[in-house]
$ cat my_file38.cif   # mmCIF, N, CA and C atoms
data_final
loop_
_atom_site.label_atom_id
_atom_site.label_comp_id
_atom_site.auth_asym_id
_atom_site.auth_seq_id
_atom_site.Cartn_x
_atom_site.Cartn_y
_atom_site.Cartn_z
N MET A 1 45.04 -85.00 30.02
CA MET A 1 43.82 -84.53 30.65
C MET A 1 42.89 -83.97 29.58
N LYS A 2 41.68 -84.49 29.51
CA LYS A 2 40.71 -84.00 28.54
C LYS A 2 40.12 -82.69 29.05
N ARG A 3 40.17 -81.68 28.20
CA ARG A 3 39.65 -80.37 28.59
C ARG A 3 38.24 -80.24 28.04
N ASN A 4 37.41 -79.45 28.74
CA ASN A 4 36.04 -79.33 28.30
C ASN A 4 35.73 -77.92 27.79
N GLN A 5 34.56 -77.79 27.20
CA GLN A 5 34.14 -76.54 26.57
C GLN A 5 34.08 -75.39 27.57
N SER A 6 33.55 -75.62 28.77
CA SER A 6 33.43 -74.52 29.73
C SER A 6 34.79 -74.01 30.18
N THR A 7 35.78 -74.89 30.27
CA THR A 7 37.12 -74.47 30.66
C THR A 7 37.74 -73.58 29.60
N ILE A 8 37.64 -73.96 28.33
CA ILE A 8 38.24 -73.15 27.28
C ILE A 8 37.51 -71.81 27.17
N GLU A 9 36.22 -71.78 27.42
CA GLU A 9 35.47 -70.52 27.38
C GLU A 9 35.97 -69.55 28.46
N LYS A 10 36.30 -70.07 29.62
CA LYS A 10 36.85 -69.22 30.68
C LYS A 10 38.20 -68.64 30.26
N VAL A 11 39.03 -69.46 29.63
CA VAL A 11 40.34 -69.00 29.16
C VAL A 11 40.14 -67.92 28.10
N ILE A 12 39.21 -68.13 27.17
CA ILE A 12 38.95 -67.15 26.11
C ILE A 12 38.43 -65.84 26.69
N ASP A 13 37.55 -65.90 27.66
CA ASP A 13 37.05 -64.68 28.31
C ASP A 13 38.20 -63.87 28.89
N ARG A 14 39.13 -64.54 29.55
CA ARG A 14 40.29 -63.87 30.13
C ARG A 14 41.18 -63.28 29.04
N LEU A 15 41.38 -64.04 27.96
CA LEU A 15 42.22 -63.58 26.85
C LEU A 15 41.62 -62.37 26.15
N ALA A 16 40.31 -62.33 26.04
CA ALA A 16 39.64 -61.22 25.35
C ALA A 16 40.02 -59.89 25.97
N GLU A 17 40.06 -59.82 27.28
CA GLU A 17 40.44 -58.58 27.97
C GLU A 17 41.85 -58.15 27.61
N GLU A 18 42.74 -59.10 27.46
CA GLU A 18 44.15 -58.80 27.21
C GLU A 18 44.46 -58.60 25.72
N TRP A 19 43.83 -59.38 24.83
CA TRP A 19 44.27 -59.44 23.44
C TRP A 19 43.41 -58.70 22.43
N LEU A 20 42.11 -58.52 22.68
CA LEU A 20 41.28 -57.87 21.67
C LEU A 20 41.80 -56.47 21.39
N GLY A 21 42.03 -56.17 20.10
CA GLY A 21 42.56 -54.88 19.69
C GLY A 21 44.08 -54.81 19.67
N LYS A 22 44.73 -55.83 20.18
CA LYS A 22 46.19 -55.88 20.24
C LYS A 22 46.70 -56.76 19.11
N ASN A 23 47.73 -56.31 18.39
CA ASN A 23 48.32 -57.08 17.28
C ASN A 23 47.28 -57.50 16.25
N GLY A 24 46.27 -56.64 16.04
CA GLY A 24 45.25 -56.90 15.02
C GLY A 24 44.19 -57.91 15.39
N VAL A 25 44.15 -58.38 16.64
CA VAL A 25 43.17 -59.39 17.06
C VAL A 25 41.78 -58.76 17.10
N VAL A 26 40.85 -59.32 16.30
CA VAL A 26 39.48 -58.82 16.27
C VAL A 26 38.50 -59.78 16.92
N ALA A 27 38.90 -61.02 17.12
CA ALA A 27 38.04 -62.00 17.78
C ALA A 27 38.88 -63.16 18.30
N ILE A 28 38.37 -63.81 19.33
CA ILE A 28 39.01 -65.01 19.88
C ILE A 28 37.91 -66.04 20.06
N SER A 29 38.17 -67.23 19.60
CA SER A 29 37.17 -68.29 19.65
C SER A 29 37.85 -69.62 19.92
N ASP A 30 37.05 -70.68 19.90
CA ASP A 30 37.61 -72.02 20.03
C ASP A 30 37.20 -72.84 18.82
N GLU A 31 37.96 -73.86 18.58
CA GLU A 31 37.69 -74.75 17.45
C GLU A 31 38.31 -76.10 17.77
N GLU A 32 37.64 -77.14 17.35
CA GLU A 32 38.20 -78.48 17.53
C GLU A 32 38.98 -78.85 16.28
N VAL A 33 40.25 -79.17 16.45
CA VAL A 33 41.12 -79.56 15.35
C VAL A 33 41.68 -80.94 15.68
N GLU A 34 41.39 -81.90 14.83
CA GLU A 34 41.85 -83.27 15.01
C GLU A 34 41.54 -83.79 16.41
N GLY A 35 40.32 -83.50 16.89
CA GLY A 35 39.87 -83.99 18.18
C GLY A 35 40.37 -83.21 19.38
N GLU A 36 41.07 -82.11 19.14
CA GLU A 36 41.65 -81.32 20.22
C GLU A 36 41.08 -79.90 20.20
N LEU A 37 40.61 -79.42 21.36
CA LEU A 37 40.14 -78.04 21.44
C LEU A 37 41.32 -77.08 21.32
N CYS A 38 41.18 -76.08 20.47
CA CYS A 38 42.22 -75.07 20.26
C CYS A 38 41.62 -73.69 20.41
N ILE A 39 42.47 -72.71 20.67
CA ILE A 39 42.07 -71.31 20.72
C ILE A 39 42.42 -70.67 19.39
N VAL A 40 41.48 -69.93 18.81
CA VAL A 40 41.69 -69.28 17.52
C VAL A 40 41.71 -67.77 17.72
N PHE A 41 42.82 -67.14 17.27
CA PHE A 41 42.90 -65.69 17.23
C PHE A 41 42.58 -65.27 15.80
N LEU A 42 41.51 -64.51 15.61
CA LEU A 42 41.14 -63.99 14.30
C LEU A 42 41.73 -62.60 14.19
N VAL A 43 42.59 -62.37 13.20
CA VAL A 43 43.30 -61.09 13.08
C VAL A 43 43.01 -60.43 11.74
N ASP A 44 43.06 -59.09 11.74
CA ASP A 44 42.76 -58.35 10.52
C ASP A 44 44.01 -57.75 9.87
N LEU A 45 45.15 -58.35 10.13
CA LEU A 45 46.39 -57.90 9.51
C LEU A 45 46.62 -58.68 8.22
N PRO A 46 47.20 -58.03 7.18
CA PRO A 46 47.42 -58.74 5.93
C PRO A 46 48.41 -59.90 6.06
N ASP A 47 49.43 -59.74 6.86
CA ASP A 47 50.44 -60.79 7.05
C ASP A 47 50.80 -60.91 8.52
N PRO A 48 49.93 -61.53 9.35
CA PRO A 48 50.25 -61.65 10.76
C PRO A 48 51.48 -62.52 10.97
N ARG A 49 52.35 -62.09 11.87
CA ARG A 49 53.56 -62.86 12.19
C ARG A 49 53.25 -63.79 13.35
N GLU A 50 53.38 -65.07 13.11
CA GLU A 50 53.06 -66.08 14.14
C GLU A 50 53.82 -65.83 15.44
N GLU A 51 55.05 -65.31 15.34
CA GLU A 51 55.85 -65.10 16.55
C GLU A 51 55.31 -63.96 17.43
N ASP A 52 54.36 -63.18 16.93
CA ASP A 52 53.76 -62.11 17.73
C ASP A 52 52.65 -62.62 18.65
N TYR A 53 52.34 -63.90 18.56
CA TYR A 53 51.24 -64.48 19.32
C TYR A 53 51.75 -65.72 20.05
N PRO A 54 51.10 -66.06 21.16
CA PRO A 54 51.52 -67.27 21.88
C PRO A 54 51.21 -68.52 21.05
N GLN A 55 52.00 -69.55 21.22
CA GLN A 55 51.76 -70.82 20.52
C GLN A 55 50.80 -71.71 21.30
N GLU A 56 50.76 -71.48 22.61
CA GLU A 56 49.92 -72.28 23.49
C GLU A 56 49.53 -71.44 24.70
N ILE A 57 48.30 -71.62 25.16
CA ILE A 57 47.82 -70.93 26.35
C ILE A 57 47.07 -71.93 27.21
N ASN A 58 47.49 -72.07 28.44
CA ASN A 58 46.85 -72.98 29.40
C ASN A 58 46.69 -74.39 28.82
N GLY A 59 47.66 -74.83 28.02
CA GLY A 59 47.62 -76.16 27.45
C GLY A 59 46.83 -76.27 26.16
N TYR A 60 46.24 -75.18 25.70
CA TYR A 60 45.50 -75.17 24.44
C TYR A 60 46.39 -74.61 23.33
N LYS A 61 46.45 -75.32 22.21
CA LYS A 61 47.18 -74.83 21.05
C LYS A 61 46.48 -73.58 20.52
N VAL A 62 47.27 -72.59 20.07
CA VAL A 62 46.72 -71.36 19.51
C VAL A 62 46.88 -71.38 18.00
N ILE A 63 45.80 -71.06 17.31
CA ILE A 63 45.79 -70.97 15.85
C ILE A 63 45.56 -69.51 15.48
N ILE A 64 46.37 -68.99 14.56
CA ILE A 64 46.21 -67.62 14.07
C ILE A 64 45.55 -67.70 12.70
N ARG A 65 44.44 -66.98 12.55
CA ARG A 65 43.71 -67.03 11.28
C ARG A 65 43.40 -65.60 10.84
N LYS A 66 43.69 -65.30 9.58
CA LYS A 66 43.38 -63.98 9.04
C LYS A 66 41.87 -63.88 8.79
N SER A 67 41.33 -62.71 9.12
CA SER A 67 39.90 -62.49 8.88
C SER A 67 39.72 -61.75 7.56
N GLY A 68 38.54 -61.81 7.05
CA GLY A 68 38.18 -60.94 5.94
C GLY A 68 37.85 -59.58 6.50
N GLN A 69 37.38 -58.71 5.66
CA GLN A 69 37.02 -57.37 6.12
C GLN A 69 35.79 -57.48 7.03
N ILE A 70 35.87 -56.80 8.16
CA ILE A 70 34.76 -56.78 9.11
C ILE A 70 34.09 -55.43 9.02
N VAL A 71 32.79 -55.43 8.76
CA VAL A 71 32.02 -54.21 8.58
C VAL A 71 30.86 -54.20 9.54
N ALA A 72 30.68 -53.09 10.26
CA ALA A 72 29.53 -52.94 11.16
C ALA A 72 28.32 -52.52 10.34
N TYR A 73 27.17 -53.09 10.64
CA TYR A 73 25.93 -52.74 9.95
C TYR A 73 25.06 -51.92 10.83
#

$ encode --input "my_file38.cif" --output "structure tokens"
Amino acid sequence: MKRNQSTIEKVIDRLAEEWLGKNGVVAISDEEVEGELCIVFLVDLPDPREEDYPQEINGYKVIIRKSGQIVAY
């Protein structure tokens, strides 16, 4: 089943309530990888452990990516 952008955005909105601020998650976004929409957890931990995060949510693969320093202006 091909998933669309609006569907993944709804999943991300729901995830934001649950995951932002938890396990170092500072942002959640989507990204297309090899033609497949994926969910990206951006974390501010030096060495995030993949096992602390889901591998898949609602059929979307989850990618964990370390962020650089985030500074408010």

$ closest_residue --input "my_file38.cif" --among "A:Leu45, A:Cys38, A:Ile12, A:Val62" --to "Val26 of chain A" --atoms "all atoms listed in the file"
A:Leu45

$ residues_around --input "my_file38.cif" --residues "segment 64-69 of chain A" --least-positions-apart "3" --cutoff "10 Å" --atoms "only C-alpha atoms" --output "list in words"
Gly24, Val25, Val26, Ala27, Ile28, Ile39, Val40, Phe41, Leu42, Val43, Asp44, Leu45, Pro46, Asp47, Pro48, Arg49, Glu50, Tyr53, Pro54 and Gln55 of chain A

$ closest_residue --input "my_file38.cif" --among "A:Ala16, A:Ala72, A:Ile63, A:Ile8" --to "Val33 of chain A" --atoms "only C-alpha atoms"
A:Ile63

$ closest_residue --input "my_file38.cif" --among "A:Tyr73, A:Tyr60, A:Asp30, A:Lys22" --to "Glu9 of chain A" --atoms "only C-alpha atoms"
A:Asp30

$ select_by_dssp --input "my_file38.cif" --residues "segment 1-56 of chain A" --states "alpha helix (DSSP H)" --output "count of residues only"
15

$ axis_aligned_box --input "my_file38.cif" --around "segment 53-60 of chain A" --padding-each-side "3 Å" --output "JSON"
{"center_x": 48.9, "center_y": -70.1, "center_z": 24.0, "size_x": 12.8, "size_y": 18.4, "size_z": 16.8}

$ atom_distance --input "my_file38.cif" --atom1 "atom C of Glu32 of chain A" --atom2 "atom C of Gln5 of chain A"
12.8 Å

$ atom_distance --input "my_file38.cif" --atom1 "atom C of Glu18 of chain A" --atom2 "atom CA of Gly59 of chain A"
17.9 Å

$ closest_residue --input "my_file38.cif" --among "A:Asp52, A:Ser6, A:Glu31, A:Asn58" --to "Trp19 of chain A" --atoms "only C-alpha atoms"
A:Asp52

$ atom_distance --input "my_file38.cif" --atom1 "atom CA of Leu37 of chain A" --atom2 "atom C of Thr7 of chain A"
9.6 Å

$ select_by_dssp --input "my_file38.cif" --residues "segment 5-70 of chain A" --states "strand (DSSP E or B)" --output "number ranges by chain"
A: 25-33, 36-43, 56-57, 60-66
